[in-house]
Amino acid sequence: FTKWNGGTINYMKLTKLIYNADREALLRFNLPLSYDDHYSLPHGLIVSKTLDLAEKTADAGTYWRNYFETDGMNVHLISETDIGELSRKEINLLEELYEKYKDKDQFDMEKEHHNPDLFPEYKDPGNSRIRSDIYDLMETIGKTKKEIKEFSRDVEETAYFNAVFN
């Protein structure tokens, strides 16, 4: 998203775009793209780990520092990133979402996220944040119990595999 946006993007817009990408990927492919934590904030739905990195409230680690830096409310792409893990259909999804939202700012996206007809999973957190359970999101967007169970099994298998081989 940052590259397509000329190398700089407002980080609140970025976290909303990634949230929307995860949501749409769940709809289309039964898997999110980022596996980041989803939250409802006063200004809409976001991915939390990415927000923490952009706000510099989390240890950025090597990957983030090699490719991105934050200046005020903007994230800047400082080096070309590798998209090797993404499939053509995932890249197409990201391009489609970027085109849909390229002329909208974070406040336009906030208004959409507060619209219960578009994002019924949004919960008003007051002045705080509410973590959104991915299984609840899947149910909200119309996934069947079978699809949710298969997703849960895939996540557990991946976690086990990572624990064994990392």
# chains A, B, ... in the order shown; residues from 1 in each chain; ligands from 1
>>> closest_atom_pairs(of="stretch 6-31 of chain A", to="stretch 97-120 of chain A", cutoff="10 Å", atoms="only C-alpha atoms", output="tab-separated table")
residue	atom	partner	partner_atom	distance
A:Ile9	CA	A:Asp105	CA	9.6
A:Asn10	CA	A:Gln106	CA	7.4
A:Tyr11	CA	A:Gln106	CA	8.5
A:Met12	CA	A:Gln106	CA	5.9
A:Lys13	CA	A:Gln106	CA	4.4
A:Leu14	CA	A:Gln106	CA	8.2
A:Thr15	CA	A:Gln106	CA	9.2
A:Lys16	CA	A:Met109	CA	7.2
A:Leu17	CA	A:Leu97	CA	7.4
A:Ile18	CA	A:Leu97	CA	9.4
A:Asn20	CA	A:Leu97	CA	7.9
A:Ala21	CA	A:Leu97	CA	7.1
A:Arg23	CA	A:Phe119	CA	9.8
A:Glu24	CA	A:Leu97	CA	9.0
>>> residues_around(residues="A:Lys3", least_positions_apart="4", cutoff="10 Å", atoms="only C-alpha atoms", output="compact mmCIF listing (two decimals) with all heavy atoms, in the first residue's frame")
# COMPACT_ATOMS: atom_id res chain seq x y z
N GLY A 7 5.10 5.94 -1.82
CA GLY A 7 6.16 5.73 -0.84
C GLY A 7 5.84 6.25 0.55
O GLY A 7 6.61 6.02 1.48
N THR A 8 4.72 6.94 0.72
CA THR A 8 4.33 7.49 2.02
C THR A 8 2.83 7.32 2.19
O THR A 8 2.07 7.56 1.26
CB THR A 8 4.69 8.99 2.12
OG1 THR A 8 6.10 9.13 1.98
CG2 THR A 8 4.25 9.58 3.45
N ILE A 9 2.42 6.92 3.41
CA ILE A 9 1.00 6.77 3.68
C ILE A 9 0.73 7.07 5.15
O ILE A 9 1.57 6.77 6.01
CB ILE A 9 0.51 5.34 3.30
CG1 ILE A 9 -1.01 5.25 3.27
CG2 ILE A 9 1.11 4.29 4.21
CD1 ILE A 9 -1.54 3.99 2.61
N HIS A 76 6.89 5.85 5.85
CA HIS A 76 7.64 6.00 4.60
C HIS A 76 8.30 4.68 4.25
O HIS A 76 8.91 4.04 5.12
CB HIS A 76 8.72 7.08 4.73
CG HIS A 76 8.21 8.40 5.17
ND1 HIS A 76 7.57 9.27 4.32
CD2 HIS A 76 8.23 9.01 6.39
CE1 HIS A 76 7.24 10.36 4.99
NE2 HIS A 76 7.62 10.22 6.24
N LEU A 77 8.20 4.30 3.00
CA LEU A 77 8.91 3.14 2.49
C LEU A 77 10.34 3.59 2.20
O LEU A 77 10.56 4.49 1.40
CB LEU A 77 8.24 2.64 1.21
CG LEU A 77 8.80 1.40 0.55
CD1 LEU A 77 8.64 0.19 1.46
CD2 LEU A 77 8.09 1.14 -0.78
N ILE A 78 11.32 2.98 2.86
CA ILE A 78 12.71 3.40 2.68
C ILE A 78 13.51 2.40 1.85
O ILE A 78 14.62 2.71 1.43
CB ILE A 78 13.41 3.67 4.03
CG1 ILE A 78 13.37 2.44 4.93
CG2 ILE A 78 12.80 4.88 4.70
CD1 ILE A 78 14.15 2.59 6.23
N SER A 79 12.94 1.22 1.61
CA SER A 79 13.60 0.22 0.79
C SER A 79 12.53 -0.69 0.19
O SER A 79 11.51 -0.95 0.82
CB SER A 79 14.58 -0.60 1.65
OG SER A 79 15.27 -1.53 0.87
N GLU A 80 12.76 -1.16 -1.01
CA GLU A 80 11.81 -2.04 -1.69
C GLU A 80 11.59 -3.31 -0.88
O GLU A 80 12.54 -3.94 -0.43
CB GLU A 80 12.35 -2.38 -3.08
CG GLU A 80 11.36 -3.04 -3.99
CD GLU A 80 10.25 -2.10 -4.46
OE1 GLU A 80 10.47 -0.88 -4.55
OE2 GLU A 80 9.15 -2.61 -4.72
N THR A 81 10.34 -3.70 -0.69
CA THR A 81 10.01 -4.90 0.07
C THR A 81 9.83 -6.09 -0.86
O THR A 81 9.57 -5.94 -2.05
CB THR A 81 8.71 -4.71 0.87
OG1 THR A 81 7.65 -4.40 -0.03
CG2 THR A 81 8.85 -3.63 1.90
>>> closest_residue(among="A:Glu156, A:Asp82, A:Glu121, A:Glu69", to="A:Tyr39", atoms="only C-alpha atoms")
A:Glu121
>>> residues_around(residues="A:Ile134", least_positions_apart="3", cutoff="8 Å", atoms="only C-alpha atoms", output="list in words")
His38, Leu137 and Met138 of chain A
>>> select_by_dssp(residues="chain A", states="helix (DSSP H, G or I)", output="VMD selection string")
chain A and resid 11 to 29 48 to 54 61 to 67 88 to 101 106 to 113 134 to 140 145 to 165
>>> select_by_dssp(residues="stretch 19-143 of chain A", states="strand (DSSP E)", output="PyMOL selection string")
chain A and resi 38-41+44-47+68-71+74-77+130-132
>>> decode(residues="stretch 94-108 of chain A", atoms="N, CA, C and O atoms", output="short mmCIF file (atom, residue, chain, number, x, y, z; two decimals), in the first residue's frame")
data_model
loop_
_atom_site.label_atom_id
_atom_site.label_comp_id
_atom_site.auth_asym_id
_atom_site.auth_seq_id
_atom_site.Cartn_x
_atom_site.Cartn_y
_atom_site.Cartn_z
N LEU A 94 -5.09 -6.88 -2.91
CA LEU A 94 -4.49 -5.66 -2.35
C LEU A 94 -4.58 -4.50 -3.34
O LEU A 94 -4.90 -3.38 -2.95
N GLU A 95 -4.29 -4.78 -4.60
CA GLU A 95 -4.40 -3.73 -5.63
C GLU A 95 -5.83 -3.21 -5.73
O GLU A 95 -6.07 -2.00 -5.85
N GLU A 96 -6.78 -4.13 -5.70
CA GLU A 96 -8.20 -3.76 -5.77
C GLU A 96 -8.59 -2.86 -4.60
O GLU A 96 -9.26 -1.84 -4.78
N LEU A 97 -8.15 -3.22 -3.39
CA LEU A 97 -8.47 -2.40 -2.23
C LEU A 97 -7.77 -1.05 -2.29
O LEU A 97 -8.36 -0.02 -1.92
N TYR A 98 -6.53 -1.04 -2.75
CA TYR A 98 -5.84 0.24 -2.87
C TYR A 98 -6.59 1.16 -3.82
O TYR A 98 -6.81 2.33 -3.52
N GLU A 99 -7.00 0.64 -4.97
CA GLU A 99 -7.74 1.45 -5.94
C GLU A 99 -9.05 1.97 -5.35
O GLU A 99 -9.43 3.11 -5.56
N LYS A 100 -9.72 1.13 -4.58
CA LYS A 100 -10.98 1.53 -3.96
C LYS A 100 -10.79 2.68 -2.97
O LYS A 100 -11.64 3.58 -2.88
N TYR A 101 -9.68 2.65 -2.23
CA TYR A 101 -9.49 3.61 -1.14
C TYR A 101 -8.42 4.66 -1.39
O TYR A 101 -8.17 5.50 -0.53
N LYS A 102 -7.81 4.69 -2.56
CA LYS A 102 -6.67 5.59 -2.77
C LYS A 102 -7.03 7.06 -2.59
O LYS A 102 -6.19 7.84 -2.15
N ASP A 103 -8.25 7.44 -2.90
CA ASP A 103 -8.64 8.85 -2.78
C ASP A 103 -9.34 9.16 -1.46
O ASP A 103 -9.83 10.27 -1.25
N LYS A 104 -9.39 8.18 -0.56
CA LYS A 104 -10.02 8.38 0.75
C LYS A 104 -8.92 8.53 1.80
O LYS A 104 -7.86 7.92 1.69
N ASP A 105 -9.20 9.35 2.81
CA ASP A 105 -8.24 9.46 3.90
C ASP A 105 -8.70 8.59 5.07
O ASP A 105 -9.74 7.91 4.99
N GLN A 106 -7.93 8.61 6.14
CA GLN A 106 -8.25 7.77 7.29
C GLN A 106 -9.60 8.12 7.90
O GLN A 106 -10.28 7.26 8.46
N PHE A 107 -10.03 9.37 7.77
CA PHE A 107 -11.32 9.78 8.35
C PHE A 107 -12.49 9.26 7.51
O PHE A 107 -13.54 8.89 8.06
N ASP A 108 -12.32 9.21 6.19
CA ASP A 108 -13.33 8.59 5.33
C ASP A 108 -13.48 7.11 5.67
O ASP A 108 -14.60 6.59 5.75
#
